[in-house]
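Data file: input36.txt. Format and content: compact mmCIF, C-alpha atoms.
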# COMPACT_ATOMS: atom_id res chain seq x y z
CA MET A 151 26.93 -1.43 -12.25
CA ASN A 152 25.97 -4.57 -14.17
CA SER A 153 22.48 -5.47 -15.41
CA GLU A 154 21.71 -7.88 -12.56
CA SER A 155 22.66 -5.33 -9.90
CA ARG A 156 20.43 -2.72 -11.54
CA GLY A 157 17.66 -5.30 -11.66
CA ALA A 158 18.01 -5.98 -7.94
CA LEU A 159 17.74 -2.25 -7.23
CA TYR A 160 14.63 -2.02 -9.41
CA GLY A 161 13.16 -4.96 -7.49
CA ILE A 162 13.94 -3.40 -4.11
CA GLY A 163 12.38 -0.16 -5.33
CA ALA A 164 9.19 -1.88 -6.51
CA TYR A 165 8.66 -4.03 -3.44
CA GLY A 166 9.73 -1.18 -1.16
CA LEU A 167 7.13 1.16 -2.65
CA TRP A 168 4.44 -1.50 -2.34
CA GLY A 169 5.55 -2.01 1.26
CA VAL A 170 4.93 1.61 2.25
CA PHE A 171 1.56 1.84 0.48
CA PRO A 172 -0.23 1.91 3.87
CA LEU A 173 1.30 5.36 4.49
CA TYR A 174 -0.02 6.61 1.16
CA PHE A 175 -3.52 5.14 1.42
CA ARG A 176 -3.91 6.37 4.98
CA LEU A 177 -3.69 9.90 3.52
CA LEU A 178 -6.77 9.02 1.45
CA GLU A 179 -8.76 7.92 4.48
CA ARG A 180 -11.48 10.52 3.87
CA SER A 181 -12.30 8.75 0.55
CA GLY A 182 -13.77 5.29 0.93
CA ALA A 183 -12.20 2.22 -0.60
CA LEU A 184 -14.62 2.28 -3.56
CA GLU A 185 -13.80 5.87 -4.49
CA VAL A 186 -10.06 5.24 -4.19
CA VAL A 187 -10.28 2.17 -6.44
CA VAL A 188 -12.23 3.91 -9.22
CA HIS A 189 -9.86 6.88 -9.17
CA ARG A 190 -6.93 4.48 -9.19
CA VAL A 191 -8.31 2.73 -12.28
CA LEU A 192 -8.97 5.94 -14.22
CA TRP A 193 -5.73 7.72 -13.35
CA SER A 194 -3.75 4.52 -13.98
CA LEU A 195 -5.28 4.35 -17.45
CA LEU A 196 -4.14 7.91 -18.12
CA VAL A 197 -0.60 7.22 -16.90
CA CYS A 198 -0.47 3.97 -18.88
CA ALA A 199 -1.54 5.84 -22.02
CA VAL A 200 1.24 8.38 -21.52
CA VAL A 201 3.83 5.65 -21.00
CA VAL A 202 2.56 3.63 -23.97
CA ALA A 203 2.89 6.77 -26.12
CA ALA A 204 6.39 7.41 -24.77
CA VAL A 205 7.62 3.91 -25.59
CA ARG A 206 5.59 3.72 -28.82
CA GLY A 207 3.69 0.68 -27.63
CA TRP A 208 0.42 1.36 -29.46
CA ALA A 209 0.95 -1.49 -31.92
CA GLU A 210 1.33 -4.08 -29.15
CA LEU A 211 -1.70 -2.66 -27.32
CA ARG A 212 -3.87 -2.78 -30.46
CA ALA A 213 -2.71 -6.33 -31.16
CA THR A 214 -3.93 -7.32 -27.69
CA LEU A 215 -7.24 -5.45 -27.79
CA VAL A 216 -8.33 -7.08 -31.06
CA VAL A 217 -8.01 -10.60 -29.62
CA PRO A 218 -11.27 -11.26 -27.67
CA GLN A 219 -9.84 -14.20 -25.72
CA ARG A 220 -6.97 -12.08 -24.38
CA VAL A 221 -9.30 -9.22 -23.49
CA VAL A 222 -11.68 -11.56 -21.64
CA THR A 223 -8.80 -13.25 -19.78
CA LEU A 224 -7.22 -9.94 -18.81
CA GLY A 225 -10.70 -8.63 -17.94
CA ILE A 226 -11.11 -11.40 -15.38
CA GLY A 227 -7.69 -10.48 -14.05
CA ALA A 228 -8.77 -6.84 -13.89
CA VAL A 229 -11.78 -7.73 -11.72
CA LEU A 230 -9.54 -9.73 -9.37
CA LEU A 231 -7.11 -6.82 -9.22
CA ALA A 232 -9.91 -4.37 -8.41
CA VAL A 233 -11.10 -6.65 -5.60
CA ASN A 234 -7.55 -6.84 -4.28
CA TRP A 235 -7.14 -3.07 -4.40
CA GLY A 236 -10.47 -2.44 -2.71
CA VAL A 237 -9.92 -4.90 0.13
CA TYR A 238 -6.40 -3.59 0.69
CA VAL A 239 -7.50 0.06 0.91
CA TYR A 240 -10.33 -0.96 3.25
CA ALA A 241 -7.86 -2.85 5.45
CA VAL A 242 -5.47 0.11 5.66
CA ASN A 243 -8.16 2.63 6.52
CA SER A 244 -9.96 0.40 9.00
CA GLY A 245 -6.82 -0.22 11.09
CA GLN A 246 -6.07 -3.73 9.80
CA VAL A 247 -2.70 -3.24 8.09
CA VAL A 248 -1.17 -6.18 9.96
CA GLU A 249 -3.80 -8.56 8.62
CA ALA A 250 -3.26 -7.13 5.13
CA SER A 251 0.46 -7.86 5.45
CA LEU A 252 -0.43 -11.43 6.41
CA GLY A 253 -2.22 -11.78 3.07
CA TYR A 254 0.99 -11.07 1.17
CA PHE A 255 2.99 -13.39 3.43
CA VAL A 256 0.48 -16.16 2.71
CA ASN A 257 0.32 -15.39 -1.04
CA PRO A 258 3.30 -17.59 -2.09
CA LEU A 259 1.70 -20.56 -0.32
CA VAL A 260 -1.63 -19.88 -2.05
CA THR A 261 0.20 -19.66 -5.39
CA VAL A 262 1.76 -23.09 -4.81
CA LEU A 263 -1.63 -24.54 -3.85
CA LEU A 264 -3.27 -23.05 -6.95
CA GLY A 265 -0.59 -24.74 -9.02
CA VAL A 266 -1.80 -28.08 -7.66
CA LEU A 267 -5.54 -27.41 -7.86
CA VAL A 268 -5.68 -25.56 -11.18
CA LEU A 269 -2.57 -26.52 -13.14
CA ARG A 270 -2.35 -30.07 -11.77
CA GLU A 271 1.26 -29.54 -10.78
CA ARG A 272 2.98 -32.09 -8.55
CA LEU A 273 4.53 -30.71 -5.40
CA ARG A 274 7.79 -31.84 -3.91
CA PRO A 275 7.66 -33.16 -0.31
CA TRP A 276 9.04 -29.96 1.22
CA GLN A 277 6.50 -27.88 -0.71
CA TRP A 278 3.72 -30.00 0.79
CA ALA A 279 5.31 -29.47 4.21
CA ALA A 280 5.27 -25.69 3.68
CA VAL A 281 1.61 -25.73 2.63
CA GLY A 282 0.76 -27.88 5.66
CA VAL A 283 2.51 -25.52 8.08
CA GLY A 284 0.74 -22.60 6.37
CA ALA A 285 -2.63 -24.28 6.94
CA VAL A 286 -1.79 -24.74 10.63
CA ALA A 287 -0.80 -21.06 10.78
CA VAL A 288 -4.19 -20.00 9.38
CA ALA A 289 -5.92 -22.19 12.00
CA VAL A 290 -3.85 -20.60 14.79
CA LEU A 291 -4.61 -17.11 13.49
CA THR A 292 -8.31 -17.94 13.24
CA ILE A 293 -8.27 -18.78 16.94
CA ALA A 294 -6.17 -15.69 17.73
CA TYR A 295 -8.49 -13.32 15.84
CA GLY A 296 -11.63 -15.11 16.95
CA ARG A 297 -12.59 -15.38 13.28
CA PRO A 298 -10.98 -16.47 10.01
CA PRO A 299 -8.49 -13.83 8.74
CA LEU A 300 -10.81 -12.98 5.85
CA ILE A 301 -8.94 -9.87 4.72
CA ALA A 302 -5.65 -11.78 4.52
CA LEU A 303 -7.23 -14.75 2.75
CA THR A 304 -9.09 -12.53 0.26
CA LEU A 305 -5.92 -10.60 -0.58
CA ALA A 306 -3.89 -13.79 -0.95
CA LEU A 307 -6.48 -15.60 -3.06
CA SER A 308 -7.34 -12.64 -5.32
CA PHE A 309 -3.69 -11.86 -5.98
CA GLY A 310 -2.84 -15.53 -6.38
CA LEU A 311 -5.57 -15.96 -9.02
CA TYR A 312 -4.47 -12.71 -10.67
CA GLY A 313 -0.92 -14.04 -10.83
CA LEU A 314 -2.21 -17.28 -12.34
CA ILE A 315 -3.95 -15.34 -15.12
CA LYS A 316 -0.84 -13.21 -15.73
CA ASN A 317 1.18 -16.41 -15.96
CA ARG A 318 -1.19 -17.71 -18.63
CA VAL A 319 -0.83 -14.60 -20.83
CA GLY A 320 2.56 -13.33 -19.67
CA ALA A 321 4.51 -14.90 -22.51
CA SER A 322 2.49 -13.03 -25.13
CA VAL A 323 1.53 -9.75 -23.41
CA GLY A 324 4.00 -7.34 -21.81
CA ALA A 325 3.47 -5.88 -18.33
CA LEU A 326 2.59 -2.38 -19.57
CA THR A 327 0.22 -3.63 -22.27
CA SER A 328 -1.39 -6.00 -19.80
CA LEU A 329 -2.06 -3.32 -17.18
CA THR A 330 -3.28 -0.89 -19.85
CA THR A 331 -5.73 -3.49 -21.16
CA GLU A 332 -6.95 -4.22 -17.63
CA THR A 333 -7.58 -0.54 -16.92
CA VAL A 334 -9.35 -0.16 -20.29
CA VAL A 335 -11.71 -2.99 -19.29
CA LEU A 336 -12.39 -1.38 -15.90
CA ALA A 337 -12.55 2.22 -17.12
CA LEU A 338 -16.24 2.36 -18.11
CA PRO A 339 -17.64 0.83 -14.90
CA ALA A 340 -15.16 2.90 -12.87
CA ALA A 341 -16.32 6.10 -14.58
CA ALA A 342 -19.95 5.13 -13.96
CA VAL A 343 -19.31 4.50 -10.26
CA LEU A 344 -17.40 7.78 -9.94
CA ALA A 345 -20.25 9.68 -11.59
CA TRP A 346 -22.74 8.04 -9.21
CA LEU A 347 -20.60 9.01 -6.19
CA GLU A 348 -20.35 12.62 -7.35
CA VAL A 349 -24.06 12.94 -8.19
CA HIS A 350 -25.01 11.60 -4.74
CA GLY A 351 -22.55 13.86 -2.94
CA GLN A 352 -20.31 11.00 -1.82
CA GLY A 353 -17.25 12.00 -3.86
CA HIS A 354 -14.33 13.74 -2.17
CA PHE A 355 -12.26 14.92 -5.16
CA THR A 356 -13.08 18.60 -4.57
CA GLN A 357 -12.74 18.52 -0.78
CA ASP A 358 -9.73 20.12 0.94
CA PRO A 359 -8.46 21.63 -2.34
CA PRO A 360 -6.05 20.97 -3.85
CA TRP A 361 -4.65 18.16 -1.66
CA GLN A 362 -7.36 15.52 -1.89
CA ALA A 363 -7.57 15.91 -5.66
CA LEU A 364 -3.79 15.66 -6.00
CA LEU A 365 -3.64 12.58 -3.78
CA LEU A 366 -6.37 10.82 -5.76
CA ALA A 367 -4.79 11.80 -9.08
CA SER A 368 -1.39 10.55 -7.93
CA SER A 369 -2.84 7.05 -7.48
CA GLY A 370 -2.17 6.45 -11.17
CA VAL A 371 1.54 7.16 -10.80
CA ALA A 372 1.64 5.17 -7.54
CA THR A 373 0.19 2.18 -9.40
CA VAL A 374 2.23 2.26 -12.60
CA ILE A 375 5.72 3.20 -11.35
CA PRO A 376 6.24 0.14 -9.08
CA LEU A 377 4.87 -2.12 -11.81
CA LEU A 378 7.37 -0.79 -14.35
CA MET A 379 10.20 -1.15 -11.81
CA PHE A 380 9.10 -4.73 -11.17
CA ALA A 381 9.02 -5.46 -14.90
CA ALA A 382 12.53 -4.03 -15.25
CA ALA A 383 13.72 -6.21 -12.35
CA ALA A 384 12.09 -9.36 -13.69
CA ARG A 385 14.01 -9.01 -16.97
CA ARG A 386 17.38 -8.68 -15.24
CA VAL A 387 17.48 -10.95 -12.20
CA PRO A 388 16.79 -14.67 -11.63
CA LEU A 389 13.31 -15.72 -10.53
CA SER A 390 14.78 -16.96 -7.23
CA THR A 391 15.94 -13.40 -6.46
CA ILE A 392 12.49 -12.01 -7.24
CA GLY A 393 11.05 -14.68 -4.95
CA LEU A 394 13.20 -13.48 -2.06
CA LEU A 395 12.62 -9.77 -2.71
CA GLN A 396 8.83 -10.22 -2.63
CA TYR A 397 8.93 -10.68 1.15
CA LEU A 398 10.12 -7.08 1.53
CA THR A 399 6.57 -5.83 0.87
CA PRO A 400 4.72 -7.63 3.72
CA VAL A 401 7.62 -7.05 6.12
CA LEU A 402 7.38 -3.29 5.57
CA GLN A 403 3.58 -3.42 5.79
CA LEU A 404 3.81 -5.32 9.08
CA LEU A 405 6.24 -2.73 10.45
CA CYS A 406 3.90 0.07 9.35
CA GLY A 407 0.98 -1.57 11.13
CA VAL A 408 2.78 -2.33 14.39
CA LEU A 409 5.28 0.53 14.74
CA LEU A 410 3.60 3.45 12.97
CA PHE A 411 -0.13 2.74 13.34
CA GLY A 412 0.10 1.03 16.73
CA GLU A 413 -1.98 -2.03 15.86
CA HIS A 414 -2.16 -4.55 18.69
CA MET A 415 -0.32 -7.85 18.26
CA PRO A 416 -1.03 -10.31 21.10
CA PRO A 417 1.28 -13.33 21.52
CA ALA A 418 -1.16 -15.71 19.78
CA ARG A 419 -1.03 -13.63 16.60
CA TRP A 420 2.76 -13.51 16.72
CA ALA A 421 2.68 -17.30 16.99
CA GLY A 422 0.52 -17.53 13.87
CA PHE A 423 2.80 -15.18 11.96
CA ALA A 424 5.82 -17.17 13.12
CA LEU A 425 4.31 -20.33 11.66
CA VAL A 426 3.73 -18.52 8.35
CA TRP A 427 7.38 -17.45 8.34
CA VAL A 428 8.48 -21.03 9.01
CA ALA A 429 6.38 -22.20 6.07
CA LEU A 430 7.89 -19.51 3.85
CA ALA A 431 11.42 -20.41 4.97
CA VAL A 432 10.80 -24.07 4.06
CA LEU A 433 9.28 -23.10 0.71
CA THR A 434 12.09 -20.68 -0.13
CA ALA A 435 14.84 -23.12 0.85
CA ASP A 436 13.26 -25.85 -1.28
CA THR A 437 12.86 -23.48 -4.24
CA LEU A 438 16.48 -22.32 -4.05
CA ARG A 439 17.77 -25.87 -3.70
CA HIS A 440 15.70 -27.07 -6.66
CA ALA A 441 16.87 -24.11 -8.79
CA SER A 442 20.49 -24.86 -7.88
CA ARG A 443 20.08 -28.49 -8.89
CA ARG A 444 18.53 -27.51 -12.22
CA ARG A 445 21.40 -25.13 -12.96
CA ALA A 446 23.91 -27.85 -12.10
CA ALA A 447 22.10 -30.33 -14.35
CA ALA A 448 22.06 -27.80 -17.19
CA ARG A 449 25.83 -27.26 -16.81
CA ASP A 450 26.42 -31.02 -16.94
CA LEU A 451 24.52 -31.17 -20.24
CA GLU A 452 26.56 -28.39 -21.85
CA PRO A 453 28.94 -29.63 -24.56
CA VAL A 454 32.62 -29.63 -23.59
CA GLY A 455 34.85 -27.50 -25.81
CA ALA A 456 33.86 -25.38 -28.77
Please rewrite the model in this file as structure tokens.
Amino acid sequence: MNSESRGALYGIGAYGLWGVFPLYFRLLERSGALEVVVHRVLWSLLVCAVVVAAVRGWAELRATLVVPQRVVTLGIGAVLLAVNWGVYVYAVNSGQVVEASLGYFVNPLVTVLLGVLVLRERLRPWQWAAVGVGAVAVAVLTIAYGRPPLIALTLALSFGLYGLIKNRVGASVGALTSLTTETVVLALPAAAVLAWLEVHGQGHFTQDPPWQALLLASSGVATVIPLLMFAAAARRVPLSTIGLLQYLTPVLQLLCGVLLFGEHMPPARWAGFALVWVALAVLTADTLRHASRRRAAARDLEPVGA
């Protein structure tokens, strides 16, 4: 099996695991979203430390932690990630998995829009068309839900901004070092919140021993393993392939919500989702066509002969 094929399998593994997260977080329903998030931060830090030790990445981690600008930037990303985690766990355990899946369908459109608003990028006509259809989809879903899809929009915006920050520091900080730094930043407030929950009798770590404790502790592995698989995929396959694989996550989440958790999907909501899928199809087709043209242009510029 060649490197690109292995990368595709890593990508499928990462996005597949993220796609079935509703099944995992539903098992933690007895713990509220806040308790799950603080445990996830602390156990992720432990797992990251073990992996950093295994790959001898202490030097890279120290080099990141001594640069205040990087720590502040990744700290902002960490807050956005914590918000994303908390809203997602709340959505799963309040019976709103379908709306959570919508957030990750909408995320690529939000990312494109952030490129315009923050990075002053210029969109191609078909990208504008995709964003326009996405806006119509949100309007349709607002009518269908009787309210704006706040969970979906919060997930899309928080993850889109998180991705923007990762893009800013990605060239200089590896995925493992980045996540480790983010969990270091969040560790102290997470420990404080956990202590407060335990002191006030609102913690659930010791309930239903040993299962609740094991489930909460496993959140670290559940966080780090897909990330490492994604990092391995990103090094081996083209960005266009990663862009296509990312839709596996919300598709699986949608199936979990509708088929396994029995969430109601009236025709108006299906119409809104259909519009989102049209927007994504337009965006994906334009991205693939543009990438193909760039590859062709690069080949034309290659010198003939050796």
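Counting all atoms listed in the file and comparing A:Val262, A:Leu267, A:Val222, A:Ala424, the residue that lies closest to Glu332 (chain A) is A:Val222.
Using all atoms listed in the file, the shortest contact distance between Arg318 (chain A) and any of A:Gly236, A:Gly161, A:Gly282, A:Gly227 is found at A:Gly227.
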Given the point (6.2, -29.3, 1.8) in the file's coordinates, find the residues that have an atom at most 12 Å from it, counting only C-alpha atoms, and give them as a PDB file with C-alpha atoms, in the frame of the given file.
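File part_10.pdb, as written:
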ATOM      1  CA  LEU A 259       1.700 -20.560  -0.320  1.00  0.00           C
ATOM      2  CA  VAL A 262       1.760 -23.090  -4.810  1.00  0.00           C
ATOM      3  CA  LEU A 263      -1.630 -24.540  -3.850  1.00  0.00           C
ATOM      4  CA  ARG A 272       2.980 -32.090  -8.550  1.00  0.00           C
ATOM      5  CA  LEU A 273       4.530 -30.710  -5.400  1.00  0.00           C
ATOM      6  CA  ARG A 274       7.790 -31.840  -3.910  1.00  0.00           C
ATOM      7  CA  PRO A 275       7.660 -33.160  -0.310  1.00  0.00           C
ATOM      8  CA  TRP A 276       9.040 -29.960   1.220  1.00  0.00           C
ATOM      9  CA  GLN A 277       6.500 -27.880  -0.710  1.00  0.00           C
ATOM     10  CA  TRP A 278       3.720 -30.000   0.790  1.00  0.00           C
ATOM     11  CA  ALA A 279       5.310 -29.470   4.210  1.00  0.00           C
ATOM     12  CA  ALA A 280       5.270 -25.690   3.680  1.00  0.00           C
ATOM     13  CA  VAL A 281       1.610 -25.730   2.630  1.00  0.00           C
ATOM     14  CA  GLY A 282       0.760 -27.880   5.660  1.00  0.00           C
ATOM     15  CA  VAL A 283       2.510 -25.520   8.080  1.00  0.00           C
ATOM     16  CA  GLY A 284       0.740 -22.600   6.370  1.00  0.00           C
ATOM     17  CA  ALA A 285      -2.630 -24.280   6.940  1.00  0.00           C
ATOM     18  CA  VAL A 428       8.480 -21.030   9.010  1.00  0.00           C
ATOM     19  CA  ALA A 429       6.380 -22.200   6.070  1.00  0.00           C
ATOM     20  CA  LEU A 430       7.890 -19.510   3.850  1.00  0.00           C
ATOM     21  CA  ALA A 431      11.420 -20.410   4.970  1.00  0.00           C
ATOM     22  CA  VAL A 432      10.800 -24.070   4.060  1.00  0.00           C
ATOM     23  CA  LEU A 433       9.280 -23.100   0.710  1.00  0.00           C
ATOM     24  CA  THR A 434      12.090 -20.680  -0.130  1.00  0.00           C
ATOM     25  CA  ALA A 435      14.840 -23.120   0.850  1.00  0.00           C
ATOM     26  CA  ASP A 436      13.260 -25.850  -1.280  1.00  0.00           C
ATOM     27  CA  THR A 437      12.860 -23.480  -4.240  1.00  0.00           C
TER      28      THR A 437
END
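Taking CA of Trp346 (chain A) as the reference point, CA of Glu185 (chain A) is found at 10.3 Å.
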With all atoms listed in the file as the counted atoms, please give the residues lying no more than 10 Å from Lys316 (chain A), apart from itself and same-chain residues fewer than 4 positions off, as an mmCIF file with C-alpha atoms, in the coordinates of the input.
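Saved to around.cif:
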data_model
loop_
_atom_site.group_PDB
_atom_site.id
_atom_site.type_symbol
_atom_site.label_atom_id
_atom_site.label_comp_id
_atom_site.auth_asym_id
_atom_site.auth_seq_id
_atom_site.Cartn_x
_atom_site.Cartn_y
_atom_site.Cartn_z
ATOM 1 C CA THR A 223 -8.800 -13.250 -19.780
ATOM 2 C CA LEU A 224 -7.220 -9.940 -18.810
ATOM 3 C CA GLY A 227 -7.690 -10.480 -14.050
ATOM 4 C CA GLY A 310 -2.840 -15.530 -6.380
ATOM 5 C CA LEU A 311 -5.570 -15.960 -9.020
ATOM 6 C CA TYR A 312 -4.470 -12.710 -10.670
ATOM 7 C CA GLY A 320 2.560 -13.330 -19.670
ATOM 8 C CA ALA A 321 4.510 -14.900 -22.510
ATOM 9 C CA SER A 322 2.490 -13.030 -25.130
ATOM 10 C CA VAL A 323 1.530 -9.750 -23.410
ATOM 11 C CA GLY A 324 4.000 -7.340 -21.810
ATOM 12 C CA ALA A 325 3.470 -5.880 -18.330
ATOM 13 C CA SER A 328 -1.390 -6.000 -19.800
#
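In this model, the gap between CA of Gln357 (chain A) and CA of Pro339 (chain A) comes to 23.2 Å.
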Using all atoms listed in the file, which residue out of A:Leu410, A:Ala203, A:Ala441, A:Ala289 lies closest to Gly393 (chain A)? A:Ala441
Put the listed atoms of region 271-288 of chain A in a box along x, y and z with 5 Å added on every side and give me the centre and edge lengths in Å to one decimal, as lines of an AutoDock Vina configuration file.
center_x = 2.4
center_y = -26.6
center_z = 0.0
size_x = 23.2
size_y = 23.2
size_z = 31.6
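Among the candidates A:Thr261, A:Leu344, A:Pro400, A:Val319, the residue lying nearest to Leu307 (chain A) is A:Thr261 (atoms considered: all atoms listed in the file).
In terms of minimum interatomic distance to Ile226 (chain A), A:Ile315 ranks closest within A:Val387, A:Ile315, A:Ala363, A:Leu395, counting only C-alpha atoms.
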Here is a test: counting all atoms listed in the file, which residue of A:Val343, A:Val237, A:Val201, A:Val248 is nearest to Ala183 (chain A)? A:Val237
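We find CA of Pro388 (chain A) and CA of Gly157 (chain A) to be spaced 9.4 Å apart.
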Give me the residues within 7 Å of Ser251 (chain A) as a count of residues only, counting all atoms listed in the file and dropping any in the same chain fewer than 3 places off. 7
Complete the atom set of region 395-410 of chain A to N, CA and C atoms and return it as a PDB file, in the coordinates of the input.
ATOM      1  N   LEU A 395      12.931 -11.197  -2.864  1.00  0.00           N
ATOM      2  CA  LEU A 395      12.620  -9.770  -2.710  1.00  0.00           C
ATOM      3  C   LEU A 395      11.151  -9.534  -2.385  1.00  0.00           C
ATOM      4  N   GLN A 396      10.265 -10.446  -2.825  1.00  0.00           N
ATOM      5  CA  GLN A 396       8.830 -10.220  -2.630  1.00  0.00           C
ATOM      6  C   GLN A 396       8.443 -10.135  -1.157  1.00  0.00           C
ATOM      7  N   TYR A 397       9.261 -10.715  -0.275  1.00  0.00           N
ATOM      8  CA  TYR A 397       8.930 -10.680   1.150  1.00  0.00           C
ATOM      9  C   TYR A 397       9.180  -9.295   1.761  1.00  0.00           C
ATOM     10  N   LEU A 398       9.890  -8.428   1.025  1.00  0.00           N
ATOM     11  CA  LEU A 398      10.120  -7.080   1.530  1.00  0.00           C
ATOM     12  C   LEU A 398       8.796  -6.335   1.715  1.00  0.00           C
ATOM     13  N   THR A 399       7.847  -6.544   0.800  1.00  0.00           N
ATOM     14  CA  THR A 399       6.570  -5.830   0.870  1.00  0.00           C
ATOM     15  C   THR A 399       5.796  -6.128   2.161  1.00  0.00           C
ATOM     16  N   PRO A 400       5.492  -7.406   2.482  1.00  0.00           N
ATOM     17  CA  PRO A 400       4.720  -7.630   3.720  1.00  0.00           C
ATOM     18  C   PRO A 400       5.500  -7.306   4.980  1.00  0.00           C
ATOM     19  N   VAL A 401       6.830  -7.426   4.932  1.00  0.00           N
ATOM     20  CA  VAL A 401       7.620  -7.050   6.120  1.00  0.00           C
ATOM     21  C   VAL A 401       7.437  -5.564   6.408  1.00  0.00           C
ATOM     22  N   LEU A 402       7.561  -4.727   5.376  1.00  0.00           N
ATOM     23  CA  LEU A 402       7.380  -3.290   5.570  1.00  0.00           C
ATOM     24  C   LEU A 402       5.952  -2.955   5.976  1.00  0.00           C
ATOM     25  N   GLN A 403       4.974  -3.652   5.406  1.00  0.00           N
ATOM     26  CA  GLN A 403       3.580  -3.420   5.790  1.00  0.00           C
ATOM     27  C   GLN A 403       3.354  -3.794   7.256  1.00  0.00           C
ATOM     28  N   LEU A 404       3.930  -4.906   7.684  1.00  0.00           N
ATOM     29  CA  LEU A 404       3.810  -5.320   9.080  1.00  0.00           C
ATOM     30  C   LEU A 404       4.415  -4.270  10.000  1.00  0.00           C
ATOM     31  N   LEU A 405       5.585  -3.753   9.635  1.00  0.00           N
ATOM     32  CA  LEU A 405       6.240  -2.730  10.450  1.00  0.00           C
ATOM     33  C   LEU A 405       5.388  -1.454  10.495  1.00  0.00           C
ATOM     34  N   CYS A 406       4.788  -1.101   9.353  1.00  0.00           N
ATOM     35  CA  CYS A 406       3.900   0.070   9.350  1.00  0.00           C
ATOM     36  C   CYS A 406       2.737  -0.124  10.331  1.00  0.00           C
ATOM     37  N   GLY A 407       2.129  -1.308  10.282  1.00  0.00           N
ATOM     38  CA  GLY A 407       0.980  -1.570  11.130  1.00  0.00           C
ATOM     39  C   GLY A 407       1.317  -1.545  12.612  1.00  0.00           C
ATOM     40  N   VAL A 408       2.426  -2.185  12.968  1.00  0.00           N
ATOM     41  CA  VAL A 408       2.780  -2.330  14.390  1.00  0.00           C
ATOM     42  C   VAL A 408       3.456  -1.070  14.930  1.00  0.00           C
ATOM     43  N   LEU A 409       4.456  -0.557  14.202  1.00  0.00           N
ATOM     44  CA  LEU A 409       5.280   0.530  14.740  1.00  0.00           C
ATOM     45  C   LEU A 409       4.691   1.915  14.473  1.00  0.00           C
ATOM     46  N   LEU A 410       4.084   2.112  13.317  1.00  0.00           N
ATOM     47  CA  LEU A 410       3.600   3.450  12.970  1.00  0.00           C
ATOM     48  C   LEU A 410       2.120   3.647  13.302  1.00  0.00           C
TER      49      LEU A 410
END
